[in-house]
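Undergrad: My structure is stored as target-v3.tsv, with TSV, C-alpha atoms and all ligand atoms.
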```tsv
chain	number	residue	atom	x	y	z
A	576	MET	CA	100.92	166.33	190.32
A	577	ASP	CA	99.10	168.47	187.83
A	578	GLN	CA	95.78	169.43	189.39
A	579	SER	CA	93.81	169.91	186.21
A	580	LEU	CA	94.81	166.51	184.91
A	581	SER	CA	94.05	164.63	188.12
A	582	SER	CA	90.63	166.25	188.54
A	583	ASP	CA	89.99	165.49	184.89
A	584	LEU	CA	90.47	161.82	185.65
A	585	LEU	CA	87.59	161.78	188.15
A	586	PRO	CA	84.40	160.03	187.01
A	587	VAL	CA	82.02	162.33	185.19
A	588	GLN	CA	78.89	162.99	187.32
A	589	GLU	CA	75.79	161.54	185.70
A	590	ALA	CA	72.23	162.56	186.61
A	591	VAL	CA	70.77	159.97	189.02
A	592	ASN	CA	67.94	157.94	187.56
A	593	PRO	CA	65.83	156.75	190.54
A	594	GLU	CA	64.84	153.53	188.76
A	595	ALA	CA	68.47	152.63	188.21
A	596	ILE	CA	69.45	153.27	191.82
A	597	ASP	CA	70.27	149.60	192.53
A	598	GLU	CA	72.46	149.24	189.46
A	599	ALA	CA	76.22	149.67	189.52
A	600	PRO	CA	77.32	153.30	189.09
A	601	PRO	CA	78.15	154.20	185.49
A	602	ALA	CA	81.76	153.57	184.54
A	603	PRO	CA	83.77	156.79	184.23
A	604	ARG	CA	84.01	157.97	180.63
A	605	SER	CA	87.52	157.61	179.30
A	606	PHE	CA	89.30	160.52	177.63
A	607	LEU	CA	88.77	158.78	174.27
A	608	ASP	CA	85.02	158.36	174.93
A	609	ARG	CA	84.71	162.03	175.84
A	610	LEU	CA	86.47	163.00	172.60
A	611	PHE	CA	83.93	160.84	170.73
A	612	ASP	CA	81.03	162.29	172.78
A	613	ARG	CA	82.09	165.79	171.75
A	614	GLY	CA	82.61	164.79	168.12
A	615	LEU	CA	86.25	165.91	168.27
A	616	LEU	CA	87.24	162.42	167.12
A	617	ILE	CA	84.94	160.25	165.05
A	618	ARG	CA	84.75	156.46	165.38
A	619	THR	CA	85.48	154.29	162.36
A	620	GLY	CA	85.24	150.91	164.10
A	621	VAL	CA	89.04	150.52	164.16
A	622	ASP	CA	91.15	151.45	167.19
A	623	GLY	CA	93.56	154.21	166.28
A	624	LEU	CA	91.76	155.20	163.05
A	625	TYR	CA	89.61	158.27	163.59
A	626	GLY	CA	87.92	161.07	161.80
A	627	ARG	CA	88.50	164.54	163.24
A	628	SER	CA	86.10	167.45	163.61
A	629	GLY	CA	86.64	170.92	162.17
A	630	ALA	CA	87.53	172.15	165.65
A	631	PHE	CA	90.18	169.43	166.05
A	632	GLU	CA	91.59	170.25	162.62
A	633	SER	CA	91.72	173.95	163.41
A	634	VAL	CA	94.17	173.13	166.21
A	635	VAL	CA	96.25	170.80	164.01
A	636	GLU	CA	96.49	173.53	161.39
A	637	ALA	CA	97.33	176.19	163.97
A	638	LEU	CA	100.12	173.99	165.36
A	639	ASP	CA	101.49	173.43	161.88
A	640	ARG	CA	101.58	177.22	161.35
A	641	LEU	CA	103.14	177.78	164.77
A	642	VAL	CA	105.97	175.34	164.00
A	643	SER	CA	106.50	177.11	160.66
A	644	ARG	CA	106.69	180.48	162.42
A	645	ILE	CA	109.24	179.24	164.93
A	646	GLY	CA	111.47	177.80	162.19
A	647	ALA	CA	110.83	180.52	159.60
A	648	ALA	CA	114.17	182.31	159.86
A	649	ASP	CA	116.15	179.12	159.14
A	650	GLY	CA	115.13	178.97	155.49
A	651	ALA	CA	114.23	175.28	155.40
A	652	GLU	CA	113.17	173.88	152.03
A	653	ALA	CA	109.56	172.73	152.27
A	654	LEU	CA	108.69	169.42	150.59
A	655	ARG	CA	105.45	167.46	150.86
A	656	PHE	CA	105.14	163.78	149.99
A	657	PRO	CA	101.95	161.72	149.89
A	658	PRO	CA	101.49	159.24	152.77
A	659	GLY	CA	102.88	156.41	150.67
A	660	MET	CA	106.47	155.86	149.56
A	661	ALA	CA	108.21	153.66	147.00
A	662	ARG	CA	108.47	150.10	148.28
A	663	SER	CA	112.03	149.88	146.89
A	664	SER	CA	113.06	152.89	149.01
A	665	PHE	CA	111.29	151.48	152.02
A	666	GLU	CA	113.11	148.15	151.63
A	667	ARG	CA	116.47	149.89	151.37
A	668	SER	CA	115.77	152.20	154.32
A	669	GLY	CA	116.23	149.40	156.88
A	670	TYR	CA	112.79	149.98	158.44
A	671	LEU	CA	111.94	146.27	158.20
A	672	LYS	CA	115.03	145.38	160.25
A	673	GLY	CA	113.93	147.50	163.17
A	674	PHE	CA	110.17	147.75	162.93
A	675	PRO	CA	108.57	144.93	160.91
A	676	HIS	CA	105.63	144.97	163.36
A	677	LEU	CA	104.72	148.59	162.59
A	678	ALA	CA	104.98	148.54	158.80
A	679	GLY	CA	101.97	148.87	156.54
A	680	THR	CA	102.08	147.78	152.90
A	681	VAL	CA	99.60	148.61	150.16
A	682	HIS	CA	98.17	145.52	148.46
A	683	SER	CA	95.86	145.40	145.46
A	684	PHE	CA	93.73	142.83	143.66
A	685	CYS	CA	95.83	141.24	140.94
A	686	GLY	CA	93.62	138.36	139.82
A	687	ASN	CA	91.54	137.49	136.77
A	688	GLU	CA	87.76	137.28	136.41
A	689	THR	CA	87.57	133.88	138.05
A	690	ASP	CA	89.52	135.26	140.99
A	691	HIS	CA	87.13	138.20	141.10
A	692	ALA	CA	84.11	135.88	141.31
A	693	ARG	CA	85.85	134.00	144.12
A	694	LEU	CA	86.60	137.26	145.91
A	695	LEU	CA	82.91	138.27	145.82
A	696	ALA	CA	81.81	134.82	146.96
A	697	CYS	CA	84.20	134.99	149.92
A	698	LEU	CA	82.96	138.47	150.75
A	699	ASP	CA	79.34	137.23	150.72
A	700	ALA	CA	80.21	134.27	152.91
A	701	GLY	CA	82.14	136.43	155.35
A	702	GLU	CA	85.32	134.54	154.52
A	703	ASP	CA	88.82	135.86	153.82
A	704	TRP	CA	88.69	137.58	150.42
A	705	THR	CA	92.30	138.77	150.36
A	706	ALA	CA	93.94	135.72	148.71
A	707	LYS	CA	94.57	137.45	145.36
A	708	GLN	CA	95.80	140.66	146.90
A	709	ALA	CA	99.43	141.27	146.04
A	710	ALA	CA	101.94	143.82	147.26
A	711	THR	CA	102.07	146.95	145.09
A	712	ASP	CA	105.06	149.26	144.64
A	713	ILE	CA	103.78	151.45	147.48
A	714	VAL	CA	104.12	151.15	151.24
A	715	LEU	CA	102.65	153.53	153.81
A	716	THR	CA	105.07	156.15	155.08
A	717	PRO	CA	106.20	155.27	158.63
A	718	ALA	CA	107.79	158.65	159.46
A	719	ALA	CA	107.65	161.91	157.54
A	720	CYS	CA	111.39	161.92	156.82
A	721	TYR	CA	111.61	158.46	155.20
A	722	PRO	CA	110.76	159.54	151.63
A	723	LEU	CA	113.25	162.42	151.85
A	724	TYR	CA	116.60	160.62	152.09
A	725	PRO	CA	116.65	159.02	148.61
A	726	VAL	CA	115.52	162.33	147.11
A	727	ALA	CA	118.29	164.26	148.88
A	728	ALA	CA	120.87	161.63	147.89
A	729	ALA	CA	119.85	161.87	144.23
A	730	ARG	CA	120.70	165.57	144.20
A	731	GLY	CA	124.38	164.85	144.71
A	732	ARG	CA	126.72	166.19	147.37
A	733	LEU	CA	125.36	168.55	150.00
A	734	PRO	CA	126.40	172.19	149.70
A	735	GLU	CA	128.83	173.65	152.27
A	736	GLY	CA	126.71	174.21	155.36
A	737	GLY	CA	124.50	171.20	154.66
A	738	LEU	CA	120.74	171.15	154.07
A	739	LEU	CA	117.58	171.75	156.05
A	740	PHE	CA	114.13	170.43	155.08
A	741	ASP	CA	110.59	171.05	156.29
A	742	LEU	CA	108.24	168.07	155.96
A	743	GLN	CA	104.75	167.03	156.93
A	744	SER	CA	103.04	163.74	156.22
A	745	TYR	CA	100.40	161.38	157.34
A	746	CYS	CA	102.25	158.38	158.76
A	747	PHE	CA	101.07	154.82	159.32
A	748	ARG	CA	102.09	152.54	162.16
A	749	HIS	CA	100.34	149.30	162.93
A	750	GLU	CA	99.92	149.90	166.64
A	751	PRO	CA	96.16	149.76	167.35
A	752	SER	CA	95.43	151.10	170.81
A	753	LEU	CA	92.65	152.49	172.96
A	754	GLU	CA	94.89	155.39	173.93
A	755	PRO	CA	93.75	158.26	171.72
A	756	THR	CA	97.38	159.40	171.45
A	757	ARG	CA	98.43	156.16	169.74
A	758	MET	CA	96.82	156.32	166.33
A	759	GLN	CA	97.51	154.15	163.31
A	760	LEU	CA	97.32	157.09	160.90
A	761	PHE	CA	98.50	160.45	162.18
A	762	ARG	CA	100.37	163.53	160.99
A	763	MET	CA	103.99	164.22	161.73
A	764	ARG	CA	105.60	167.59	161.06
A	765	GLU	CA	109.37	167.45	160.83
A	766	TYR	CA	112.50	169.45	160.25
A	767	VAL	CA	115.43	167.40	158.97
A	768	ARG	CA	119.05	168.56	159.00
A	769	MET	CA	121.85	167.02	156.94
A	770	GLY	CA	125.52	167.92	157.32
A	771	THR	CA	128.44	167.43	159.68
A	772	PRO	CA	127.95	165.87	163.11
A	773	GLU	CA	128.45	169.33	164.64
A	774	GLN	CA	125.85	170.93	162.39
A	775	VAL	CA	123.18	168.32	162.98
A	776	LEU	CA	123.79	168.18	166.74
A	777	ALA	CA	123.57	171.97	166.97
A	778	PHE	CA	120.24	171.73	165.09
A	779	ARG	CA	118.96	169.18	167.58
A	780	GLU	CA	120.02	171.36	170.55
A	781	LEU	CA	118.28	174.35	169.03
A	782	TRP	CA	115.00	172.45	168.58
A	783	LEU	CA	115.20	170.93	172.07
A	784	GLU	CA	115.13	174.52	173.31
A	785	ARG	CA	112.58	175.80	170.83
A	786	GLY	CA	110.26	172.84	171.31
A	787	THR	CA	110.38	173.25	175.08
A	788	THR	CA	109.58	176.96	174.85
A	789	MET	CA	106.77	176.32	172.36
A	790	MET	CA	105.08	173.72	174.56
A	791	ARG	CA	105.54	175.80	177.75
A	792	ASP	CA	103.97	178.78	175.99
A	793	LEU	CA	101.04	176.51	175.14
A	794	GLY	CA	100.54	175.96	178.88
A	795	LEU	CA	101.53	172.30	178.87
A	796	PRO	CA	103.48	170.53	181.65
A	797	LEU	CA	106.40	168.68	180.12
A	798	ALA	CA	109.62	166.80	180.61
A	799	ILE	CA	112.47	166.09	178.21
A	800	ASP	CA	113.57	162.47	178.55
A	801	PRO	CA	116.06	160.17	176.85
A	802	ALA	CA	114.20	157.61	174.75
A	803	ASN	CA	114.52	154.72	172.35
A	804	ASP	CA	112.57	153.54	169.36
A	805	PRO	CA	110.40	150.43	169.74
A	806	PHE	CA	112.81	148.06	167.93
A	807	PHE	CA	111.44	144.56	167.31
A	808	GLY	CA	112.53	141.41	169.11
A	809	ARG	CA	115.55	140.40	171.15
A	810	ALA	CA	118.10	142.01	168.85
A	811	GLY	CA	115.94	145.13	169.12
A	812	LYS	CA	116.60	145.30	172.87
A	813	MET	CA	120.28	145.80	172.14
A	814	LEU	CA	119.59	148.45	169.53
A	815	ALA	CA	117.33	150.26	171.99
A	816	ASN	CA	119.95	150.11	174.76
A	817	ASN	CA	122.58	151.37	172.37
A	818	GLN	CA	120.34	154.24	171.26
A	819	ARG	CA	119.89	155.30	174.89
A	820	ALA	CA	123.55	154.82	175.83
A	821	GLN	CA	124.56	157.13	172.98
A	822	ALA	CA	121.77	159.66	173.74
A	823	LEU	CA	120.54	159.49	170.15
A	824	LYS	CA	116.86	160.12	170.91
A	825	PHE	CA	115.05	162.51	173.23
A	826	GLU	CA	111.33	162.96	173.66
A	827	LEU	CA	109.29	165.81	174.98
A	828	ASN	CA	106.71	164.12	177.15
A	829	VAL	CA	103.38	165.50	178.35
A	830	PRO	CA	100.93	163.64	180.59
A	831	VAL	CA	97.87	163.07	178.41
A	832	ASN	CA	96.45	159.60	179.09
A	833	SER	CA	97.97	159.32	182.55
A	834	GLU	CA	100.50	160.88	184.90
A	835	ASP	CA	102.59	157.69	185.10
A	836	LYS	CA	103.02	157.20	181.37
A	837	PRO	CA	103.34	160.61	179.75
A	838	THR	CA	103.08	160.85	175.97
A	839	ALA	CA	105.88	161.71	173.55
A	840	CYS	CA	104.60	164.77	171.69
A	841	LEU	CA	107.89	165.81	170.09
A	842	SER	CA	110.98	163.75	169.38
A	843	PHE	CA	114.56	164.79	168.65
A	844	ASN	CA	116.57	162.21	166.78
A	845	TYR	CA	120.25	162.01	165.87
A	846	HIS	CA	120.71	159.26	163.25
A	847	GLN	CA	124.50	159.62	163.10
A	848	ASP	CA	125.52	158.45	159.59
A	849	HIS	CA	122.78	155.78	159.38
A	850	PHE	CA	120.78	157.40	156.57
A	851	GLY	CA	123.88	158.97	155.05
A	852	THR	CA	125.45	155.52	154.63
A	853	THR	CA	122.21	153.79	153.62
A	854	TRP	CA	121.50	156.30	150.86
A	855	GLY	CA	124.98	157.53	149.99
A	856	ILE	CA	124.35	161.11	151.09
A	857	GLU	CA	127.67	162.92	150.93
A	858	GLN	CA	128.87	166.20	152.35
A	859	ALA	CA	130.63	168.78	150.19
A	860	ASP	CA	134.01	167.15	150.94
A	861	GLY	CA	132.77	163.68	149.99
A	862	THR	CA	132.49	162.28	153.52
A	863	THR	CA	129.23	160.67	154.59
A	864	ALA	CA	126.59	163.09	155.84
A	865	HIS	CA	125.10	162.87	159.30
A	866	THR	CA	121.39	163.56	159.80
A	867	ALA	CA	119.00	164.56	162.58
A	868	CYS	CA	115.29	165.28	162.70
A	869	VAL	CA	112.78	166.86	165.03
A	870	GLY	CA	109.26	165.43	164.82
A	871	PHE	CA	106.05	167.05	166.04
A	872	GLY	CA	103.07	164.72	166.54
A	873	LEU	CA	100.30	167.09	165.44
A	874	GLU	CA	97.40	165.00	166.78
A	875	ARG	CA	99.29	164.28	169.99
A	876	ILE	CA	99.94	167.96	170.74
A	877	THR	CA	96.29	168.70	169.92
A	878	LEU	CA	95.19	165.98	172.36
A	879	ALA	CA	97.56	167.32	175.03
A	880	LEU	CA	95.95	170.76	174.64
A	881	LEU	CA	92.44	169.29	174.85
A	882	ARG	CA	93.42	167.32	177.94
A	883	HIS	CA	94.91	170.25	179.79
A	884	HIS	CA	92.73	173.14	178.64
A	885	GLY	CA	89.45	171.29	178.19
A	886	LEU	CA	87.36	170.08	175.26
A	887	ASP	CA	85.87	173.53	174.54
A	888	LEU	CA	88.42	175.45	172.44
A	889	ASP	CA	86.65	178.75	173.08
A	890	ALA	CA	87.31	178.34	176.81
A	891	TRP	CA	91.07	177.82	176.44
A	892	PRO	CA	93.30	180.37	178.20
A	893	ALA	CA	93.61	183.58	176.21
A	894	GLU	CA	97.44	183.29	176.02
A	895	VAL	CA	97.17	179.81	174.53
A	896	ARG	CA	94.54	180.91	172.00
A	897	ALA	CA	96.72	183.87	171.09
A	898	GLN	CA	99.69	181.57	170.37
A	899	LEU	CA	97.57	179.39	168.12
A	900	PHE	CA	94.96	181.61	166.55
A	901	GLY	CA	96.24	185.14	167.28
B	1001	LIG	P1	106.12	156.42	171.05
B	1001	LIG	O1	107.36	156.34	171.88
B	1001	LIG	O2	104.97	157.00	171.77
B	1001	LIG	O3	105.81	155.13	170.35
B	1001	LIG	P2	107.75	157.29	168.97
B	1001	LIG	O4	108.95	157.51	169.80
B	1001	LIG	O5	107.68	156.01	168.25
B	1001	LIG	O6	106.44	157.46	169.87
B	1001	LIG	P3	108.62	158.90	166.79
B	1001	LIG	O7	108.95	157.74	165.96
B	1001	LIG	O8	109.75	159.65	167.40
B	1001	LIG	O9	107.58	158.47	167.94
B	1001	LIG	O10	107.66	159.87	165.98
B	1001	LIG	C1	107.72	161.29	166.03
B	1001	LIG	C2	106.47	161.87	166.67
B	1001	LIG	O11	105.29	161.37	166.03
B	1001	LIG	C3	106.31	161.48	168.13
B	1001	LIG	O12	107.02	162.35	168.96
B	1001	LIG	C4	104.82	161.60	168.32
B	1001	LIG	O13	104.47	162.91	168.66
B	1001	LIG	C5	104.24	161.23	166.97
B	1001	LIG	N1	103.73	159.85	166.98
B	1001	LIG	C6	104.45	158.71	166.96
B	1001	LIG	N2	103.66	157.64	166.97
B	1001	LIG	C7	102.39	158.11	166.99
B	1001	LIG	C8	101.10	157.49	167.00
B	1001	LIG	N3	100.97	156.16	166.97
B	1001	LIG	N4	100.00	158.28	167.02
B	1001	LIG	C9	100.12	159.62	167.02
B	1001	LIG	N5	101.31	160.27	167.03
B	1001	LIG	C10	102.43	159.52	167.00
B	1002	ZN	ZN	112.49	161.88	161.07
B	1003	MG	MG	109.17	156.54	171.69
```
Starting from the coordinates I provided, produce the structure as structure tokens.
TA:
Amino acid sequence: MDQSLSSDLLPVQEAVNPEAIDEAPPAPRSFLDRLFDRGLLIRTGVDGLYGRSGAFESVVEALDRLVSRIGAADGAEALRFPPGMARSSFERSGYLKGFPHLAGTVHSFCGNETDHARLLACLDAGEDWTAKQAATDIVLTPAACYPLYPVAAARGRLPEGGLLFDLQSYCFRHEPSLEPTRMQLFRMREYVRMGTPEQVLAFRELWLERGTTMMRDLGLPLAIDPANDPFFGRAGKMLANNQRAQALKFELNVPVNSEDKPTACLSFNYHQDHFGTTWGIEQADGTTAHTACVGFGLERITLALLRHHGLDLDAWPAEVRAQLFG
């Protein structure tokens, strides 16, 4: 067991107030509470929706740069999309088949003046004011690579050797939680490879190695484990089993909230020809392209660093600081 993590889980010592001596001892502060106490995360009143301090952001930005440095020689094409994507693309992507429970859609007021008066009256009365909200053409991006596939498909056949993209986006998933590592809006950095099965599997192997080295060099205990996506419902169980049986997804796990349930900080996904077929992405010879992506959870890695090296960035080990800020 990792010593620093287990001692970190001990209750924080509070000064004894003699008048409160008969009261129950104070409950230990959770990791999330301590992040709030330090101002590293800022409460909004919604679980999983947080502001972040300048110090927290400096780590997120340093990680983003570190990932860029590691991948620099590969010549990936950098693209940045806003955190919303076309609803039509989202519908075609198949996300609603697998993950209807995580999706977030953007709705807007589409009523007339009477509807507006009603909206304000409901608001005043503390009643539901959303009746005249209708779905817009935008949904929130669920994973950084989702807006990419239709764009790549529209360019026509892949060149010989395939394509490699560098992405980063805020992503939304409706999974409110008290675990600070499970946010509803968070940033995902990704590299996405498109090409032959051999090309995309070699890419995934390479990043399994690189990701492991990167996280080790950051002083984090880790394990690479087979994984599955959280598919919805009974049919989802089969999809999840299939994903594991075919070794399509691996995660790099670090204990952050607890030793028993480590947190996926990086994921390595082989989609086979799923997106190639869905979007009509073709290789140079006209056959359907295969795709794979590696995803870095920027807030999750930041939280792993805070958990293992402490909440004071200046006191982090010199080697770790050198990797990030050197
Ligand atoms: P989990 O198994 O914990 O639900 P996931 O397998 O669904 O995560 P992916 O879909 O593979 O995650 O997303 C890529 C990366 O994005 C993850 O490795 C993780 O670092 C990060 N990530 C995913 N969900 C969240 C979240 N709710 N909050 C913060 N980071 C997240
Ligand atoms: Zn992806
Ligand atoms: Mg997972």
Undergrad: Give the residues close to ligand LIG 1001 (chain B), within 7 Å, counting all atoms listed in the file; write them as a PyMOL selection string.
TA: chain A and resi 718+748+750+756-763+803-805+826+838-842+870-875
Undergrad: In Å to one decimal, how far is atom CA of A:His884 from atom CA of A:Phe843?
TA: 25.4 Å
Undergrad: For ligand ZN 1002 (chain B), which of A:Arg609, A:His846, A:Arg819, A:Arg604 is the closest residue, counting only C-alpha atoms and all ligand atoms?
TA: A:His846
Undergrad: Between A:Tyr625, A:Phe684, A:Tyr724, A:Trp782, which residue has the minimum interatomic distance to ligand ZN 1002 (chain B), considering all atoms listed in the file?
TA: A:Tyr724
Undergrad: Which protein, DNA or RNA residues have an atom at most 10 Å from (114.7, 147.3, 164.8), counting all atoms listed in the file? List them as a PyMOL selection string.
TA: chain A and resi 669-676+804-815
Undergrad: What does the list of residues within 7 Å of ligand ZN 1002 (chain B) look like if you count only C-alpha atoms and all ligand atoms, written as a ChimeraX atom specification?
TA: /A:718-721,765,767,868-870
Undergrad: What is the distance between atom CA of A:Pro830 and atom CA of A:Arg882, in Å to one decimal?
TA: 8.8 Å
